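Pasted below: protein-v2.pdb, PDB, C-alpha atoms.
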```pdb
ATOM      1  CA  MET A   1       0.000   0.000   0.000  1.00  0.00           C
ATOM      2  CA  SER A   2       1.475   3.336  -1.038  1.00  0.00           C
ATOM      3  CA  ALA A   3       1.719   6.330   1.299  1.00  0.00           C
ATOM      4  CA  MET A   4      -1.004   8.232  -0.549  1.00  0.00           C
ATOM      5  CA  GLU A   5      -3.351   5.245  -0.319  1.00  0.00           C
ATOM      6  CA  LYS A   6      -2.895   5.318   3.466  1.00  0.00           C
ATOM      7  CA  VAL A   7      -3.653   9.053   3.417  1.00  0.00           C
ATOM      8  CA  ALA A   8      -6.845   8.283   1.467  1.00  0.00           C
ATOM      9  CA  TRP A   9      -7.852   5.724   4.096  1.00  0.00           C
ATOM     10  CA  VAL A  10      -7.289   8.296   6.844  1.00  0.00           C
ATOM     11  CA  GLU A  11      -9.477  10.837   5.020  1.00  0.00           C
ATOM     12  CA  LEU A  12     -12.282   8.318   4.489  1.00  0.00           C
ATOM     13  CA  VAL A  13     -12.223   6.965   8.044  1.00  0.00           C
ATOM     14  CA  VAL A  14     -12.018  10.415   9.680  1.00  0.00           C
ATOM     15  CA  SER A  15     -14.930  11.706   7.559  1.00  0.00           C
ATOM     16  CA  VAL A  16     -17.154   8.729   8.331  1.00  0.00           C
ATOM     17  CA  VAL A  17     -16.270   8.818  12.040  1.00  0.00           C
ATOM     18  CA  ALA A  18     -16.956  12.576  12.268  1.00  0.00           C
ATOM     19  CA  VAL A  19     -20.416  12.217  10.685  1.00  0.00           C
ATOM     20  CA  ALA A  20     -21.159   9.133  12.809  1.00  0.00           C
ATOM     21  CA  VAL A  21     -20.153  10.881  16.060  1.00  0.00           C
ATOM     22  CA  VAL A  22     -22.211  13.987  15.249  1.00  0.00           C
ATOM     23  CA  THR A  23     -25.214  11.826  14.388  1.00  0.00           C
ATOM     24  CA  ALA A  24     -24.775   9.724  17.533  1.00  0.00           C
ATOM     25  CA  LEU A  25     -24.430  12.717  19.859  1.00  0.00           C
ATOM     26  CA  PHE A  26     -27.238  14.752  18.340  1.00  0.00           C
ATOM     27  CA  PRO A  27     -30.072  13.193  20.434  1.00  0.00           C
ATOM     28  CA  TRP A  28     -28.215  14.104  23.660  1.00  0.00           C
ATOM     29  CA  LEU A  29     -26.376  17.326  22.862  1.00  0.00           C
ATOM     30  CA  GLY A  30     -28.628  18.790  20.191  1.00  0.00           C
ATOM     31  CA  ASN A  31     -26.854  21.487  18.197  1.00  0.00           C
ATOM     32  CA  GLY A  32     -23.818  21.101  20.479  1.00  0.00           C
ATOM     33  CA  ALA A  33     -23.091  17.836  18.676  1.00  0.00           C
ATOM     34  CA  LEU A  34     -21.938  19.902  15.707  1.00  0.00           C
ATOM     35  CA  GLY A  35     -18.701  20.457  17.632  1.00  0.00           C
ATOM     36  CA  ALA A  36     -17.804  16.854  16.854  1.00  0.00           C
ATOM     37  CA  PHE A  37     -17.198  17.978  13.283  1.00  0.00           C
ATOM     38  CA  GLY A  38     -13.928  19.226  14.742  1.00  0.00           C
ATOM     39  CA  LEU A  39     -12.805  15.610  14.391  1.00  0.00           C
ATOM     40  CA  LEU A  40     -12.354  16.418  10.709  1.00  0.00           C
ATOM     41  CA  ALA A  41      -9.124  18.147  11.728  1.00  0.00           C
ATOM     42  CA  PHE A  42      -7.634  14.686  12.170  1.00  0.00           C
ATOM     43  CA  VAL A  43      -7.334  14.347   8.379  1.00  0.00           C
ATOM     44  CA  VAL A  44      -3.965  16.058   8.803  1.00  0.00           C
ATOM     45  CA  CYS A  45      -2.788  12.861  10.529  1.00  0.00           C
ATOM     46  CA  GLY A  46      -2.506  11.407   7.028  1.00  0.00           C
ATOM     47  CA  THR A  47       0.609  13.496   6.443  1.00  0.00           C
ATOM     48  CA  PHE A  48       2.349  11.195   8.940  1.00  0.00           C
ATOM     49  CA  PHE A  49       2.585   8.640   6.124  1.00  0.00           C
ATOM     50  CA  LEU A  50       4.281  11.129   3.808  1.00  0.00           C
ATOM     51  CA  ARG A  51       7.498  11.231   5.809  1.00  0.00           C
ATOM     52  CA  ARG A  52      10.494  10.645   3.590  1.00  0.00           C
ATOM     53  CA  ARG A  53      12.514   7.567   4.566  1.00  0.00           C
ATOM     54  CA  GLY A  54      15.989   7.552   3.042  1.00  0.00           C
ATOM     55  CA  GLN A  55      16.086   7.915  -0.717  1.00  0.00           C
ATOM     56  CA  ALA A  56      12.801   6.089  -1.356  1.00  0.00           C
ATOM     57  CA  VAL A  57      10.199   7.945  -3.407  1.00  0.00           C
ATOM     58  CA  VAL A  58       7.067   8.573  -1.332  1.00  0.00           C
ATOM     59  CA  VAL A  59       4.799  10.333  -3.835  1.00  0.00           C
ATOM     60  CA  ASP A  60       5.167  10.009  -7.591  1.00  0.00           C
ATOM     61  CA  GLU A  61       3.319  11.090 -10.740  1.00  0.00           C
ATOM     62  CA  ARG A  62       0.675   8.338 -10.441  1.00  0.00           C
ATOM     63  CA  ASP A  63      -0.136   9.406  -6.874  1.00  0.00           C
ATOM     64  CA  ARG A  64      -0.406  13.042  -7.938  1.00  0.00           C
ATOM     65  CA  GLU A  65      -2.691  12.097 -10.846  1.00  0.00           C
ATOM     66  CA  ILE A  66      -4.997  10.077  -8.571  1.00  0.00           C
ATOM     67  CA  GLU A  67      -4.922  12.849  -5.960  1.00  0.00           C
ATOM     68  CA  ARG A  68      -5.879  15.463  -8.562  1.00  0.00           C
ATOM     69  CA  ARG A  69      -8.760  13.375  -9.908  1.00  0.00           C
ATOM     70  CA  SER A  70     -10.126  12.393  -6.496  1.00  0.00           C
ATOM     71  CA  THR A  71      -9.891  15.964  -5.196  1.00  0.00           C
ATOM     72  CA  ARG A  72     -11.867  17.224  -8.186  1.00  0.00           C
ATOM     73  CA  ILE A  73     -14.549  14.572  -7.726  1.00  0.00           C
ATOM     74  CA  GLY A  74     -14.658  15.205  -3.957  1.00  0.00           C
ATOM     75  CA  ILE A  75     -15.121  18.955  -4.348  1.00  0.00           C
ATOM     76  CA  GLU A  76     -17.705  18.531  -7.101  1.00  0.00           C
ATOM     77  CA  SER A  77     -19.656  16.026  -4.990  1.00  0.00           C
ATOM     78  CA  ALA A  78     -19.615  18.330  -1.979  1.00  0.00           C
ATOM     79  CA  TRP A  79     -20.815  21.311  -4.021  1.00  0.00           C
ATOM     80  CA  ILE A  80     -23.561  19.305  -5.701  1.00  0.00           C
ATOM     81  CA  GLY A  81     -24.631  17.912  -2.327  1.00  0.00           C
ATOM     82  CA  LEU A  82     -24.693  21.358  -0.727  1.00  0.00           C
ATOM     83  CA  PHE A  83     -26.556  22.850  -3.666  1.00  0.00           C
ATOM     84  CA  LEU A  84     -29.236  20.147  -3.640  1.00  0.00           C
ATOM     85  CA  ALA A  85     -29.523  20.342   0.154  1.00  0.00           C
ATOM     86  CA  LEU A  86     -30.026  24.120   0.022  1.00  0.00           C
ATOM     87  CA  ILE A  87     -32.680  23.722  -2.664  1.00  0.00           C
ATOM     88  CA  ALA A  88     -34.412  21.153  -0.464  1.00  0.00           C
ATOM     89  CA  VAL A  89     -34.232  23.488   2.546  1.00  0.00           C
ATOM     90  CA  VAL A  90     -35.668  26.421   0.593  1.00  0.00           C
ATOM     91  CA  LEU A  91     -38.451  24.291  -0.901  1.00  0.00           C
ATOM     92  CA  TRP A  92     -39.290  22.834   2.489  1.00  0.00           C
ATOM     93  CA  ALA A  93     -39.333  26.277   4.111  1.00  0.00           C
ATOM     94  CA  SER A  94     -41.573  27.640   1.350  1.00  0.00           C
ATOM     95  CA  TYR A  95     -43.889  24.657   1.425  1.00  0.00           C
ATOM     96  CA  SER A  96     -44.332  24.792   5.184  1.00  0.00           C
ATOM     97  CA  ASP A  97     -44.792  28.589   5.188  1.00  0.00           C
ATOM     98  CA  ARG A  98     -41.778  29.106   7.458  1.00  0.00           C
ATOM     99  CA  ALA A  99     -40.113  32.466   7.129  1.00  0.00           C
ATOM    100  CA  THR A 100     -36.834  31.323   8.691  1.00  0.00           C
ATOM    101  CA  VAL A 101     -34.444  28.405   8.480  1.00  0.00           C
ATOM    102  CA  ASP A 102     -32.710  27.091  11.583  1.00  0.00           C
ATOM    103  CA  LYS A 103     -29.116  28.361  11.563  1.00  0.00           C
ATOM    104  CA  SER A 104     -27.870  25.096  13.091  1.00  0.00           C
ATOM    105  CA  LEU A 105     -29.195  23.308  10.010  1.00  0.00           C
ATOM    106  CA  LEU A 106     -27.107  25.569   7.791  1.00  0.00           C
ATOM    107  CA  THR A 107     -24.072  25.047  10.038  1.00  0.00           C
ATOM    108  CA  TRP A 108     -24.635  21.294   9.806  1.00  0.00           C
ATOM    109  CA  LEU A 109     -24.787  21.530   6.009  1.00  0.00           C
ATOM    110  CA  VAL A 110     -21.541  23.481   5.780  1.00  0.00           C
ATOM    111  CA  PHE A 111     -19.599  21.033   7.956  1.00  0.00           C
ATOM    112  CA  ALA A 112     -21.243  18.045   6.271  1.00  0.00           C
ATOM    113  CA  GLN A 113     -19.962  19.463   2.987  1.00  0.00           C
ATOM    114  CA  PHE A 114     -16.381  19.179   4.253  1.00  0.00           C
ATOM    115  CA  ALA A 115     -17.049  15.621   5.434  1.00  0.00           C
ATOM    116  CA  VAL A 116     -18.532  14.682   2.061  1.00  0.00           C
ATOM    117  CA  CYS A 117     -15.599  16.284   0.247  1.00  0.00           C
ATOM    118  CA  TYR A 118     -12.938  14.374   2.212  1.00  0.00           C
ATOM    119  CA  GLY A 119     -15.003  11.184   2.312  1.00  0.00           C
ATOM    120  CA  VAL A 120     -15.604  11.067  -1.432  1.00  0.00           C
ATOM    121  CA  LYS A 121     -11.996  12.078  -2.135  1.00  0.00           C
ATOM    122  CA  GLY A 122     -10.687   9.254   0.043  1.00  0.00           C
ATOM    123  CA  LEU A 123     -13.137   6.738  -1.408  1.00  0.00           C
ATOM    124  CA  VAL A 124     -12.317   7.617  -5.021  1.00  0.00           C
ATOM    125  CA  SER A 125      -8.577   7.369  -4.279  1.00  0.00           C
ATOM    126  CA  ILE A 126      -8.936   3.965  -2.621  1.00  0.00           C
ATOM    127  CA  VAL A 127     -11.110   2.597  -5.432  1.00  0.00           C
ATOM    128  CA  THR A 128      -8.622   3.861  -8.039  1.00  0.00           C
ATOM    129  CA  TYR A 129      -5.608   2.375  -6.240  1.00  0.00           C
ATOM    130  CA  ARG A 130      -7.387  -0.971  -5.814  1.00  0.00           C
ATOM    131  CA  GLY A 131      -8.544  -0.955  -9.429  1.00  0.00           C
ATOM    132  CA  GLN A 132      -5.017  -0.428 -10.703  1.00  0.00           C
ATOM    133  CA  ARG A 133      -3.670  -3.128  -8.411  1.00  0.00           C
ATOM    134  CA  SER A 134      -6.196  -5.767  -9.453  1.00  0.00           C
ATOM    135  CA  ALA A 135      -6.020  -5.051 -13.187  1.00  0.00           C
ATOM    136  CA  PRO A 136      -4.701  -8.012 -15.264  1.00  0.00           C
TER     137      PRO A 136
ATOM    138  CA  MET B   1      -1.086   1.224 -24.142  1.00  0.00           C
ATOM    139  CA  ARG B   2       0.958  -1.931 -23.707  1.00  0.00           C
ATOM    140  CA  ASN B   3       4.561  -2.428 -22.691  1.00  0.00           C
ATOM    141  CA  CYS B   4       7.236  -5.059 -22.254  1.00  0.00           C
ATOM    142  CA  VAL B   5       8.773  -3.709 -19.057  1.00  0.00           C
ATOM    143  CA  ARG B   6       8.318  -7.013 -17.234  1.00  0.00           C
ATOM    144  CA  ASP B   7      10.152  -8.919 -19.970  1.00  0.00           C
ATOM    145  CA  LEU B   8      12.914  -6.346 -20.137  1.00  0.00           C
ATOM    146  CA  ARG B   9      13.369  -6.547 -16.378  1.00  0.00           C
ATOM    147  CA  ALA B  10      13.640 -10.310 -16.584  1.00  0.00           C
ATOM    148  CA  ASN B  11      16.272  -9.989 -19.304  1.00  0.00           C
ATOM    149  CA  HIS B  12      18.242  -7.522 -17.215  1.00  0.00           C
ATOM    150  CA  GLY B  13      19.401 -10.037 -14.659  1.00  0.00           C
ATOM    151  CA  SER B  14      18.235  -9.254 -11.166  1.00  0.00           C
ATOM    152  CA  LEU B  15      16.550  -5.949 -11.847  1.00  0.00           C
ATOM    153  CA  THR B  16      13.718  -5.886  -9.342  1.00  0.00           C
ATOM    154  CA  GLN B  17      10.625  -3.704  -9.485  1.00  0.00           C
ATOM    155  CA  GLN B  18      12.003  -1.720  -6.546  1.00  0.00           C
ATOM    156  CA  SER B  19      15.387  -1.094  -8.143  1.00  0.00           C
ATOM    157  CA  LEU B  20      13.738  -0.022 -11.414  1.00  0.00           C
ATOM    158  CA  ALA B  21      11.405   2.233  -9.444  1.00  0.00           C
ATOM    159  CA  ASP B  22      14.361   3.798  -7.633  1.00  0.00           C
ATOM    160  CA  GLN B  23      16.207   4.380 -10.902  1.00  0.00           C
ATOM    161  CA  VAL B  24      13.300   6.134 -12.585  1.00  0.00           C
ATOM    162  CA  GLY B  25      12.048   7.965  -9.472  1.00  0.00           C
ATOM    163  CA  VAL B  26       8.677   6.381  -8.799  1.00  0.00           C
ATOM    164  CA  THR B  27       7.206   3.996  -6.237  1.00  0.00           C
ATOM    165  CA  ARG B  28       7.211   0.210  -6.670  1.00  0.00           C
ATOM    166  CA  GLN B  29       3.405   0.298  -6.822  1.00  0.00           C
ATOM    167  CA  THR B  30       3.612   2.436  -9.946  1.00  0.00           C
ATOM    168  CA  ILE B  31       5.888  -0.113 -11.643  1.00  0.00           C
ATOM    169  CA  ILE B  32       3.408  -2.858 -10.674  1.00  0.00           C
ATOM    170  CA  ALA B  33       0.484  -0.856 -12.118  1.00  0.00           C
ATOM    171  CA  LEU B  34       2.498  -0.035 -15.223  1.00  0.00           C
ATOM    172  CA  GLU B  35       3.489  -3.661 -15.862  1.00  0.00           C
ATOM    173  CA  GLY B  36      -0.121  -4.713 -15.311  1.00  0.00           C
ATOM    174  CA  GLY B  37      -1.225  -2.266 -17.990  1.00  0.00           C
ATOM    175  CA  SER B  38      -3.526  -0.352 -15.655  1.00  0.00           C
ATOM    176  CA  TYR B  39      -1.416   2.810 -15.636  1.00  0.00           C
ATOM    177  CA  THR B  40      -0.226   4.834 -18.601  1.00  0.00           C
ATOM    178  CA  PRO B  41       3.027   6.601 -17.718  1.00  0.00           C
ATOM    179  CA  SER B  42       3.858  10.185 -18.546  1.00  0.00           C
ATOM    180  CA  LEU B  43       6.206  10.823 -21.458  1.00  0.00           C
ATOM    181  CA  ALA B  44       9.022  11.696 -19.039  1.00  0.00           C
ATOM    182  CA  LEU B  45       8.627   8.432 -17.133  1.00  0.00           C
ATOM    183  CA  ALA B  46       8.408   6.419 -20.346  1.00  0.00           C
ATOM    184  CA  LEU B  47      11.645   8.029 -21.544  1.00  0.00           C
ATOM    185  CA  ARG B  48      13.389   7.312 -18.240  1.00  0.00           C
ATOM    186  CA  ILE B  49      12.314   3.658 -18.316  1.00  0.00           C
ATOM    187  CA  ALA B  50      13.418   3.242 -21.918  1.00  0.00           C
ATOM    188  CA  LYS B  51      16.783   4.776 -21.017  1.00  0.00           C
ATOM    189  CA  VAL B  52      17.309   2.278 -18.179  1.00  0.00           C
ATOM    190  CA  PHE B  53      16.904  -0.581 -20.657  1.00  0.00           C
ATOM    191  CA  ASP B  54      18.868   1.235 -23.364  1.00  0.00           C
ATOM    192  CA  GLN B  55      15.911   1.018 -25.763  1.00  0.00           C
ATOM    193  CA  SER B  56      13.775   3.515 -27.624  1.00  0.00           C
ATOM    194  CA  VAL B  57      10.378   4.429 -26.183  1.00  0.00           C
ATOM    195  CA  GLU B  58       8.615   2.738 -29.118  1.00  0.00           C
ATOM    196  CA  GLU B  59      10.338  -0.527 -28.333  1.00  0.00           C
ATOM    197  CA  VAL B  60       9.176  -0.475 -24.728  1.00  0.00           C
ATOM    198  CA  PHE B  61       5.700   1.056 -25.125  1.00  0.00           C
ATOM    199  CA  TRP B  62       3.231   0.730 -27.979  1.00  0.00           C
ATOM    200  CA  LEU B  63      -0.434   1.386 -28.645  1.00  0.00           C
ATOM    201  CA  GLU B  64      -2.903  -1.454 -28.785  1.00  0.00           C
ATOM    202  CA  ASP B  65      -4.680  -1.968 -32.117  1.00  0.00           C
TER     203      ASP B  65
END
```
So, in terms of structure tokens, how does the structure I just supplied come out?
Amino acid sequence: MSAMEKVAWVELVVSVVAVAVVTALFPWLGNGALGAFGLLAFVVCGTFFLRRRGQAVVVDERDREIERRSTRIGIESAWIGLFLALIAVVLWASYSDRATVDKSLLTWLVFAQFAVCYGVKGLVSIVTYRGQRSAP
Amino acid sequence: MRNCVRDLRANHGSLTQQSLADQVGVTRQTIIALEGGSYTPSLALALRIAKVFDQSVEEVFWLED
């Protein structure tokens, strides 16, 4: 497993854990559970795998190509998700004759966007690495 | 795109995937993906690999019909 594949695993796991913790704490802490999105900061732990050991190459052109592609797909997914979620919120607010939208919902959407971005990025990277490894 | 890197390595004595990777400046996983045909190298990498085997790029890499 290459260093960048390990980084992708870290991004995927941290994103899923952050969303899971927020969801799990929400019944008890309410909007305070949004603080658990701070767990997303642990994605920087992935850089631990990028330490250079001796003369060995850690990241090469294939890694950079996969990183570029997965980042693009991750960002696009997050934007599409946020856009659709905001449309849904506006439609719901209009339909139910509510003049306001709960600000914690918007905060949740913004942080969820980051989680989706890193999660999708990590997933796409892992799938690409595995696909290249299992090719005939 | 296909290549004969695996065959060339075998003909070059004990040239391992790791030693080839070190010589051309990539990871061993990239050599594995390249030999498996699942990764198309950049022109620079293709040139470096061809140089290691003292061949032209066309002799190492070619397009599938």
Could you list, as a PDB file with C-alpha atoms, keeping the file's coordinate frame, the residues of chain B having an atom within 9 Å of chain A when counting all atoms listed in the file?
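The result, written out as out_27.pdb:
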```pdb
ATOM      1  CA  ALA B  21      11.405   2.233  -9.444  1.00  0.00           C
ATOM      2  CA  ASP B  22      14.361   3.798  -7.633  1.00  0.00           C
ATOM      3  CA  GLY B  25      12.048   7.965  -9.472  1.00  0.00           C
ATOM      4  CA  VAL B  26       8.677   6.381  -8.799  1.00  0.00           C
ATOM      5  CA  THR B  27       7.206   3.996  -6.237  1.00  0.00           C
ATOM      6  CA  ARG B  28       7.211   0.210  -6.670  1.00  0.00           C
ATOM      7  CA  GLN B  29       3.405   0.298  -6.822  1.00  0.00           C
ATOM      8  CA  THR B  30       3.612   2.436  -9.946  1.00  0.00           C
ATOM      9  CA  ILE B  32       3.408  -2.858 -10.674  1.00  0.00           C
ATOM     10  CA  ALA B  33       0.484  -0.856 -12.118  1.00  0.00           C
ATOM     11  CA  LEU B  34       2.498  -0.035 -15.223  1.00  0.00           C
ATOM     12  CA  GLY B  36      -0.121  -4.713 -15.311  1.00  0.00           C
ATOM     13  CA  GLY B  37      -1.225  -2.266 -17.990  1.00  0.00           C
ATOM     14  CA  SER B  38      -3.526  -0.352 -15.655  1.00  0.00           C
ATOM     15  CA  TYR B  39      -1.416   2.810 -15.636  1.00  0.00           C
ATOM     16  CA  THR B  40      -0.226   4.834 -18.601  1.00  0.00           C
ATOM     17  CA  PRO B  41       3.027   6.601 -17.718  1.00  0.00           C
ATOM     18  CA  SER B  42       3.858  10.185 -18.546  1.00  0.00           C
ATOM     19  CA  LEU B  45       8.627   8.432 -17.133  1.00  0.00           C
TER      20      LEU B  45
END
```
>> For the PyMOL selection byres ((chain A and resi 25-32) around 12), applied here, can you spell out every residue it catches as a PyMOL selection string?
In response: chain A and resi 17-24+33-38+102-108
Save the residues we just selected, C-alpha atoms, as a CSV table (one decimal), keeping the file's coordinate frame?
```
chain,number,residue,atom,x,y,z
A,17,VAL,CA,-16.3,8.8,12.0
A,18,ALA,CA,-17.0,12.6,12.3
A,19,VAL,CA,-20.4,12.2,10.7
A,20,ALA,CA,-21.2,9.1,12.8
A,21,VAL,CA,-20.2,10.9,16.1
A,22,VAL,CA,-22.2,14.0,15.2
A,23,THR,CA,-25.2,11.8,14.4
A,24,ALA,CA,-24.8,9.7,17.5
A,33,ALA,CA,-23.1,17.8,18.7
A,34,LEU,CA,-21.9,19.9,15.7
A,35,GLY,CA,-18.7,20.5,17.6
A,36,ALA,CA,-17.8,16.9,16.9
A,37,PHE,CA,-17.2,18.0,13.3
A,38,GLY,CA,-13.9,19.2,14.7
A,102,ASP,CA,-32.7,27.1,11.6
A,103,LYS,CA,-29.1,28.4,11.6
A,104,SER,CA,-27.9,25.1,13.1
A,105,LEU,CA,-29.2,23.3,10.0
A,106,LEU,CA,-27.1,25.6,7.8
A,107,THR,CA,-24.1,25.0,10.0
A,108,TRP,CA,-24.6,21.3,9.8
```
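With all atoms listed in the file as the atoms that count, the residue of A:Asp97, A:Leu84, A:Val7, A:Val110 with the shortest distance to Val44 of chain A is A:Val7.
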>> Taking 3 positions as the minimum chain separation for residues in the same chain, which residues sit within 12 Å of segment 51-53 of chain B when counting only C-alpha atoms? Answer as number ranges by chain.
In response: B: 4-13, 15, 19-25, 44-48, 56-60
Dump as a tab-separated table (two decimals), in the coordinates of the input, selection limited to C-alpha atoms:
```tsv
chain	number	residue	atom	x	y	z
B	4	CYS	CA	7.24	-5.06	-22.25
B	5	VAL	CA	8.77	-3.71	-19.06
B	6	ARG	CA	8.32	-7.01	-17.23
B	7	ASP	CA	10.15	-8.92	-19.97
B	8	LEU	CA	12.91	-6.35	-20.14
B	9	ARG	CA	13.37	-6.55	-16.38
B	10	ALA	CA	13.64	-10.31	-16.58
B	11	ASN	CA	16.27	-9.99	-19.30
B	12	HIS	CA	18.24	-7.52	-17.22
B	13	GLY	CA	19.40	-10.04	-14.66
B	15	LEU	CA	16.55	-5.95	-11.85
B	19	SER	CA	15.39	-1.09	-8.14
B	20	LEU	CA	13.74	-0.02	-11.41
B	21	ALA	CA	11.40	2.23	-9.44
B	22	ASP	CA	14.36	3.80	-7.63
B	23	GLN	CA	16.21	4.38	-10.90
B	24	VAL	CA	13.30	6.13	-12.58
B	25	GLY	CA	12.05	7.96	-9.47
B	44	ALA	CA	9.02	11.70	-19.04
B	45	LEU	CA	8.63	8.43	-17.13
B	46	ALA	CA	8.41	6.42	-20.35
B	47	LEU	CA	11.64	8.03	-21.54
B	48	ARG	CA	13.39	7.31	-18.24
B	56	SER	CA	13.78	3.52	-27.62
B	57	VAL	CA	10.38	4.43	-26.18
B	58	GLU	CA	8.62	2.74	-29.12
B	59	GLU	CA	10.34	-0.53	-28.33
B	60	VAL	CA	9.18	-0.48	-24.73
```
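The two atoms in question, atom CA of Asp65 of chain B and atom CA of Met1 of chain B, are spaced 9.3 Å apart.
Straight-line separation from atom CA of Tyr118 of chain A to atom CA of Val101 of chain A: 26.4 Å.
As for atom CA of Leu109 of chain A and atom CA of Glu67 of chain A, they are spaced 24.8 Å apart.
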Within 12 Å of Arg72 of chain A using only C-alpha atoms, minus same-chain residues under 4 positions, as a compact mmCIF listing (two decimals) with C-alpha atoms, in the frame of the given file:
```
# COMPACT_ATOMS: atom_id res chain seq x y z
CA GLU A 65 -2.69 12.10 -10.85
CA ILE A 66 -5.00 10.08 -8.57
CA GLU A 67 -4.92 12.85 -5.96
CA ARG A 68 -5.88 15.46 -8.56
CA GLU A 76 -17.70 18.53 -7.10
CA SER A 77 -19.66 16.03 -4.99
CA ALA A 78 -19.61 18.33 -1.98
CA TRP A 79 -20.82 21.31 -4.02
CA CYS A 117 -15.60 16.28 0.25
CA TYR A 118 -12.94 14.37 2.21
CA VAL A 120 -15.60 11.07 -1.43
CA LYS A 121 -12.00 12.08 -2.13
CA GLY A 122 -10.69 9.25 0.04
CA VAL A 124 -12.32 7.62 -5.02
CA SER A 125 -8.58 7.37 -4.28
```
>> Residue by residue, what does the PyMOL selection byres ((chain A and resi 46) around 9) grab here? Present the result as a ChimeraX atom specification.
In response: /A:3-4,6-11,42-45,47-50
